[in-house]
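Okay, target-v6.txt now, which holds compact mmCIF, C-alpha atoms:
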# COMPACT_ATOMS: atom_id res chain seq x y z
CA MET A 36 0.00 0.00 0.00
CA ALA A 37 1.19 3.54 -0.63
CA ALA A 38 3.14 5.18 2.15
CA GLY A 39 1.20 7.65 4.22
CA LEU A 40 -2.15 5.85 4.11
CA ARG A 41 -3.21 5.15 7.68
CA LEU A 42 -5.15 1.91 7.37
CA GLU A 43 -5.89 -0.88 9.77
CA LYS A 44 -3.54 -3.76 9.10
CA THR A 45 -4.97 -7.17 9.81
CA HIS A 46 -3.04 -10.43 9.81
CA LYS A 47 -1.57 -11.76 6.59
CA HIS A 48 -4.53 -14.14 6.41
CA PRO A 49 -7.24 -12.70 8.72
CA THR A 50 -10.13 -14.87 9.89
CA LEU A 51 -13.84 -14.09 9.97
CA LEU A 52 -16.94 -15.85 11.26
CA LEU A 53 -19.78 -16.22 8.77
CA ALA A 54 -22.90 -18.22 9.66
CA GLY A 55 -20.92 -19.95 12.39
CA GLU A 56 -18.16 -21.01 9.98
CA THR A 57 -14.53 -19.90 10.18
CA LEU A 58 -13.20 -18.22 7.05
CA MET A 59 -9.57 -17.35 6.44
CA LEU A 60 -9.14 -14.55 3.91
CA ASP A 61 -6.06 -15.59 2.00
CA LEU A 62 -3.75 -12.92 0.61
CA CYS A 63 -3.91 -14.71 -2.75
CA GLY A 64 -7.59 -13.71 -3.04
CA GLY A 65 -9.09 -17.04 -2.00
CA VAL A 66 -11.01 -18.16 1.08
CA TRP A 67 -9.77 -21.08 3.16
CA LEU A 68 -12.29 -23.03 5.24
CA PRO A 69 -10.12 -24.96 7.72
CA GLU A 70 -12.96 -27.03 9.19
CA HIS A 71 -13.96 -28.24 5.73
CA ARG A 72 -10.41 -28.30 4.29
CA THR A 73 -11.83 -26.34 1.37
CA LEU A 74 -10.23 -23.63 -0.74
CA ILE A 75 -12.59 -21.25 -2.56
CA VAL A 76 -11.53 -19.07 -5.47
CA SER A 77 -13.67 -16.99 -7.80
CA ASP A 78 -13.62 -15.58 -11.32
CA LEU A 79 -10.44 -17.16 -12.68
CA HIS A 80 -11.40 -16.07 -16.21
CA LEU A 81 -8.97 -18.55 -17.74
CA GLU A 82 -8.27 -18.01 -21.44
CA LYS A 83 -9.44 -14.39 -21.38
CA GLY A 84 -6.50 -13.38 -23.55
CA SER A 85 -7.26 -16.01 -26.20
CA SER A 86 -10.94 -15.08 -26.07
CA TYR A 87 -10.17 -11.48 -26.98
CA ALA A 88 -7.95 -12.64 -29.83
CA ALA A 89 -10.63 -14.98 -31.18
CA ARG A 90 -13.49 -12.47 -30.96
CA THR A 91 -11.89 -9.14 -31.74
CA GLY A 92 -8.46 -9.78 -33.19
CA GLN A 93 -7.04 -7.88 -30.21
CA PHE A 94 -3.97 -9.76 -29.09
CA LEU A 95 -3.13 -9.66 -25.39
CA PRO A 96 -0.04 -11.38 -23.98
CA PRO A 97 -1.20 -15.03 -23.87
CA TYR A 98 0.04 -15.76 -20.37
CA ASP A 99 -3.02 -15.02 -18.23
CA THR A 100 -4.03 -18.66 -17.81
CA ARG A 101 -0.54 -19.73 -16.81
CA GLU A 102 -0.12 -16.85 -14.35
CA THR A 103 -3.52 -17.52 -12.76
CA LEU A 104 -2.84 -21.25 -12.46
CA ALA A 105 0.58 -20.54 -10.94
CA CYS A 106 -1.05 -18.44 -8.20
CA LEU A 107 -3.65 -21.16 -7.66
CA HIS A 108 -0.92 -23.80 -7.49
CA GLU A 109 0.82 -21.82 -4.74
CA ALA A 110 -2.38 -21.64 -2.67
CA VAL A 111 -3.18 -25.32 -3.20
CA THR A 112 0.35 -26.34 -2.25
CA ARG A 113 0.23 -24.22 0.89
CA HIS A 114 -3.19 -25.41 2.14
CA ASP A 115 -3.35 -28.94 0.66
CA PRO A 116 -7.17 -28.77 0.44
CA ALA A 117 -9.42 -31.81 0.25
CA ARG A 118 -11.78 -29.73 -1.87
CA VAL A 119 -11.41 -26.78 -4.23
CA VAL A 120 -14.45 -24.75 -5.26
CA ALA A 121 -14.20 -22.36 -8.22
CA LEU A 122 -17.11 -19.91 -7.91
CA GLY A 123 -17.97 -19.45 -11.57
CA ASP A 124 -16.50 -17.61 -14.53
CA SER A 125 -13.58 -19.97 -14.24
CA PHE A 126 -13.30 -19.65 -18.03
CA HIS A 127 -13.84 -16.41 -19.87
CA ASP A 128 -16.19 -18.13 -22.31
CA ASP A 129 -17.70 -21.55 -22.94
CA ARG A 130 -14.99 -22.55 -25.42
CA GLY A 131 -12.13 -21.62 -23.12
CA PRO A 132 -11.23 -25.24 -22.31
CA GLU A 133 -10.77 -25.95 -26.03
CA ARG A 134 -8.14 -23.22 -26.34
CA MET A 135 -6.04 -24.20 -23.32
CA GLU A 136 -2.43 -25.10 -23.97
CA PRO A 137 -1.53 -28.75 -23.17
CA GLY A 138 0.74 -27.62 -20.35
CA ASP A 139 -2.05 -25.62 -18.73
CA ARG A 140 -4.43 -28.56 -19.04
CA ALA A 141 -1.82 -30.74 -17.35
CA MET A 142 -1.50 -28.25 -14.50
CA VAL A 143 -5.27 -28.25 -13.94
CA ALA A 144 -5.26 -32.06 -13.88
CA ALA A 145 -2.38 -32.09 -11.39
CA LEU A 146 -4.18 -29.62 -9.12
CA GLN A 147 -7.31 -31.78 -9.21
CA GLU A 148 -5.58 -35.05 -8.44
CA GLY A 149 -6.83 -36.58 -5.17
CA ARG A 150 -9.24 -33.69 -4.51
CA ASP A 151 -12.92 -32.98 -4.85
CA TRP A 152 -12.90 -30.21 -7.46
CA VAL A 153 -16.14 -28.29 -7.96
CA TRP A 154 -16.76 -25.88 -10.85
CA ILE A 155 -19.69 -23.57 -10.05
CA ALA A 156 -21.45 -22.31 -13.19
CA GLY A 157 -20.94 -18.62 -13.96
CA ASN A 158 -22.47 -16.23 -16.44
CA HIS A 159 -19.42 -16.50 -18.74
CA ASP A 160 -19.04 -20.28 -18.62
CA ALA A 161 -22.47 -21.71 -17.79
CA ALA A 162 -22.28 -24.16 -20.69
CA VAL A 163 -18.88 -25.66 -19.77
CA SER A 164 -19.65 -29.10 -18.42
CA GLU A 165 -16.92 -31.48 -19.54
CA GLY A 166 -13.34 -31.76 -20.63
CA VAL A 167 -11.58 -30.14 -17.68
CA GLY A 168 -12.14 -32.69 -14.91
CA GLY A 169 -13.90 -32.14 -11.62
CA ARG A 170 -17.66 -31.91 -11.16
CA TYR A 171 -20.14 -29.16 -11.93
CA ALA A 172 -22.88 -27.50 -9.88
CA ASP A 173 -25.05 -24.39 -9.90
CA ALA A 174 -24.38 -23.85 -6.19
CA LEU A 175 -22.92 -25.72 -3.22
CA THR A 176 -23.79 -25.83 0.47
CA LEU A 177 -21.06 -26.43 3.05
CA GLY A 178 -22.23 -26.36 6.66
CA GLY A 179 -23.89 -22.98 7.15
CA LEU A 180 -22.47 -21.57 3.92
CA VAL A 181 -24.02 -21.24 0.48
CA LEU A 182 -21.52 -20.91 -2.36
CA ARG A 183 -22.71 -19.48 -5.69
CA HIS A 184 -21.46 -17.28 -8.50
CA GLU A 185 -23.79 -14.27 -8.43
CA PRO A 186 -24.85 -12.68 -5.12
CA SER A 187 -28.57 -12.97 -4.41
CA ALA A 188 -30.65 -9.82 -4.68
CA GLU A 189 -32.05 -10.49 -1.20
CA PRO A 190 -29.74 -11.07 1.79
CA VAL A 191 -28.77 -14.70 2.33
CA ILE A 192 -27.04 -15.58 5.59
CA GLY A 193 -23.78 -17.39 4.94
CA GLU A 194 -23.65 -16.60 1.24
CA ILE A 195 -20.23 -16.48 -0.45
CA ALA A 196 -20.32 -15.25 -4.03
CA GLY A 197 -18.15 -13.67 -6.70
CA HIS A 198 -19.14 -12.18 -10.06
CA LEU A 199 -18.69 -8.48 -9.16
CA HIS A 200 -14.86 -8.37 -8.98
CA PRO A 201 -14.79 -5.88 -6.04
CA CYS A 202 -11.95 -3.39 -5.68
CA GLY A 203 -11.48 -0.83 -2.94
CA LYS A 204 -9.94 2.61 -3.39
CA VAL A 205 -8.45 4.74 -0.63
CA ALA A 206 -7.37 8.33 -1.29
CA MET A 207 -5.46 10.36 1.29
CA ARG A 208 -3.00 13.26 1.21
CA GLY A 209 -3.05 13.41 -2.56
CA ARG A 210 -2.28 9.73 -3.03
CA ALA A 211 -4.58 6.85 -3.92
CA VAL A 212 -4.44 3.09 -3.82
CA ARG A 213 -6.88 0.75 -5.58
CA ARG A 214 -6.76 -2.98 -4.80
CA ARG A 215 -8.86 -6.09 -5.18
CA CYS A 216 -10.76 -6.89 -2.02
CA PHE A 217 -13.22 -9.05 -0.13
CA VAL A 218 -16.44 -7.30 0.93
CA THR A 219 -18.50 -8.41 3.92
CA ASN A 220 -20.98 -7.23 6.51
CA GLY A 221 -20.58 -10.30 8.71
CA THR A 222 -23.59 -11.98 7.11
CA ARG A 223 -22.52 -12.46 3.49
CA LEU A 224 -19.26 -12.10 1.57
CA VAL A 225 -18.32 -11.16 -1.99
CA MET A 226 -14.93 -12.40 -3.18
CA PRO A 227 -12.35 -10.66 -5.36
CA ALA A 228 -11.61 -11.95 -8.85
CA PHE A 229 -8.67 -14.34 -8.88
CA GLY A 230 -7.83 -14.18 -12.59
CA ALA A 231 -4.73 -12.32 -13.77
CA TYR A 232 -6.67 -10.41 -16.44
CA ALA A 233 -9.90 -9.93 -14.48
CA GLY A 234 -10.92 -6.30 -14.05
CA GLY A 235 -12.48 -4.75 -10.96
CA LEU A 236 -15.57 -2.84 -9.87
CA ASN A 237 -15.30 -0.16 -7.18
CA VAL A 238 -17.05 -1.25 -3.99
CA ARG A 239 -18.80 2.13 -3.87
CA ASP A 240 -20.64 1.23 -7.07
CA ARG A 241 -24.38 0.73 -6.60
CA ALA A 242 -24.16 -2.91 -7.68
CA ILE A 243 -22.03 -3.70 -4.62
CA GLU A 244 -23.24 -1.10 -2.12
CA GLY A 245 -26.81 -2.22 -2.72
CA LEU A 246 -25.97 -5.66 -1.32
CA PHE A 247 -24.89 -4.10 1.98
CA PRO A 248 -27.40 -1.33 2.81
CA ASN A 249 -26.21 -1.09 6.42
CA GLY A 250 -22.55 -0.82 5.57
CA PHE A 251 -19.63 -3.18 5.01
CA THR A 252 -15.93 -3.71 5.51
CA ALA A 253 -13.60 -4.15 2.55
CA HIS A 254 -10.52 -6.30 3.08
CA LEU A 255 -7.99 -4.99 0.54
CA LEU A 256 -5.20 -7.24 -0.70
CA GLY A 257 -2.06 -5.29 0.04
CA ASP A 258 1.65 -5.98 -0.25
CA GLY A 259 2.09 -8.81 2.21
CA ARG A 260 -0.93 -7.81 4.32
CA VAL A 261 -4.69 -7.57 4.15
CA PHE A 262 -6.09 -4.16 5.10
CA ALA A 263 -9.55 -3.88 6.69
CA ILE A 264 -11.24 -0.61 5.68
CA GLY A 265 -14.73 0.63 6.50
CA ARG A 266 -17.08 1.93 3.84
CA ALA A 267 -16.69 5.58 4.94
CA GLN A 268 -12.94 5.53 4.18
CA LEU A 269 -13.38 4.18 0.66
CA ALA A 270 -13.39 6.54 -2.31
CA ARG A 271 -15.30 6.34 -5.55
CA ASP A 272 -13.41 6.18 -8.85
Could you render the structure as structure tokens?
Amino acid sequence: MAAGLRLEKTHKHPTLLLAGETLMLDLCGGVWLPEHRTLIVSDLHLEKGSSYAARTGQFLPPYDTRETLACLHEAVTRHDPARVVALGDSFHDDRGPERMEPGDRAMVAALQEGRDWVWIAGNHDAAVSEGVGGRYADALTLGGLVLRHEPSAEPVIGEIAGHLHPCGKVAMRGRAVRRRCFVTNGTRLVMPAFGAYAGGLNVRDRAIEGLFPNGFTAHLLGDGRVFAIGRAQLARD
């Protein structure tokens, strides 16, 4: 984080309670559920670069999938989960698996080996249902938690969702920092996008603020730390 910003530093991987379940907010952008030995990630958007090239002729450096999988490999190696849940938009489009390089396919297979791997359907990849291992679901319940891609319009206790790619911005003394973040009010949680090429939506946008009418805390992913920041300290773009 930029020098001079007085923010509340939490632990490297702070823990929260949500619907009676312990959540560890991992600095990588995932959620670790120690009691369920489950790692949750959201919005990997694999093959986004190749999707742009196929649809628009706009060539982006074709390394997003590899970079995203490398970050995921680090988290999986560190936690050794029994289960991995990818909360939708794991691929940037339905044909993403077809465009994956053989080495990237092999990495996905290696990450899945010996684990329950669950792909939650997203709005970008709802039709992906085979060819990349694991199992598929529209949503998943774990203890008191409900895992889905898009947040529900009405409050759902214990809901963990993605889709919105939240980012928090703090401006102070002429300097500003904008980082991916978790957003929670202690009842529900929206996860940051995990993908290397995934964009971000400011948490002060109506689409996110509307989910938390009584306020929220954003947990920004900083350099080696997670920073907990209240809504009032967060700036609009």
Task: Given all atoms listed in the file as the counted atoms, nearest of A:Gly265, A:Gly257, A:Pro227, A:Gly203 to Gly65 of chain A - done: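 Closest to Gly65 of chain A, using all atoms listed in the file: A:Pro227.
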Task: Using only C-alpha atoms: which of A:Gly245, A:Thr219, A:Leu81, A:Asn237 has the shortest distance to Val167 of chain A - done: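 Between A:Gly245, A:Thr219, A:Leu81, A:Asn237, the residue approaching Val167 of chain A most closely is A:Leu81.
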Task: Among listed residues A:Val76, A:Gly197, A:Phe262, A:Gln147, nearest Arg213 of chain A (using only C-alpha atoms) - done: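 So, comparing all the options, the nearest one is A:Phe262.
Among A:Asp115, A:Glu189, A:Glu109, A:Asp78, the residue with the shortest atom-to-atom distance to Ile155 of chain A, counting only C-alpha atoms, is A:Asp78.
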Task: Atom pair atom CA of Leu79 of chain A / atom CA of Leu177 of chain A: separation (Å) - done: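 Atom CA of Leu177 of chain A lies at a distance of 21.1 Å from atom CA of Leu79 of chain A.
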- [ ] Using all atoms listed in the file, pick whichever of A:His80, A:His254, A:Arg271, A:Arg118 has the shortest atom-to-atom distance to Glu148 of chain A.
- [x]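 When distances to Glu148 of chain A are compared using all atoms listed in the file, the smallest one comes from A:Arg118.
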Open item on the list: What does the structure give for the distance between atom CA of Val111 of chain A and atom CA of Leu74 of chain A, in Å to one decimal?
Closed with: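 Separation between atom CA of Val111 of chain A and atom CA of Leu74 of chain A: 7.7 Å.
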Task: Nearby residues (all atoms listed in the file) at most 9 Å from Ala233 of chain A, same-chain spacing under 2 positions excluded, as a VMD selection string - done: chain A and resid 78 to 80 83 200 228 to 231 235
- [ ] Go through A:Val191, A:Val261, A:Ala267, A:Leu175 one by one, measure the shortest atom-to-atom distance of each to Thr50 of chain A using only C-alpha atoms, and give the residue with the smallest value.
- [x] A:Val261
TODO: Compile the contact shell of Gly157 of chain A as a PyMOL selection string: residues with an atom at most 7 Å away, counting all atoms listed in the file, same-chain residues fewer than 4 positions apart removed.
DONE: chain A and resi 123-124+161+184
With C-alpha atoms retained, export the selected residues as a CSV table (one decimal), in the frame of the given file.
chain,number,residue,atom,x,y,z
A,123,GLY,CA,-18.0,-19.4,-11.6
A,124,ASP,CA,-16.5,-17.6,-14.5
A,161,ALA,CA,-22.5,-21.7,-17.8
A,184,HIS,CA,-21.5,-17.3,-8.5
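Atom CA of Ala156 of chain A is found 7.7 Å from atom CA of Ala174 of chain A.
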Could you give me the centre and size, in Å to one decimal, of an axis-aligned box around all listed atoms of segment 227-245 of chain A with 8 Å added on every side, as lines of an AutoDock Vina configuration file?
center_x = -15.8
center_y = -6.1
center_z = -9.3
size_x = 38.1
size_y = 32.5
size_z = 30.3
TODO: Write out as a list of chain:residue names the residues lying within 12 Å of Pro248 of chain A, counting only C-alpha atoms and excluding same-chain residues fewer than 6 positions away.
DONE: A:Ala188, A:Glu189, A:Pro190, A:Thr219, A:Asn220, A:Arg239, A:Arg241, A:Ala242, A:Arg266
- [ ] Write out as a list in words which residues come within 8 Å of Arg150 of chain A when counting all atoms listed in the file, dropping same-chain ones fewer than 5 positions away.
- [x]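 With the cut-off at 8 Å, the set is Pro116, Ala117, Arg118 and Val119 of chain A.
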- [ ] Show which residues sit within 7 Å of Ile195 of chain A, as a count of residues only. Count all atoms listed in the file, and ignore same-chain residues fewer than 3 positions away.
- [x] 6
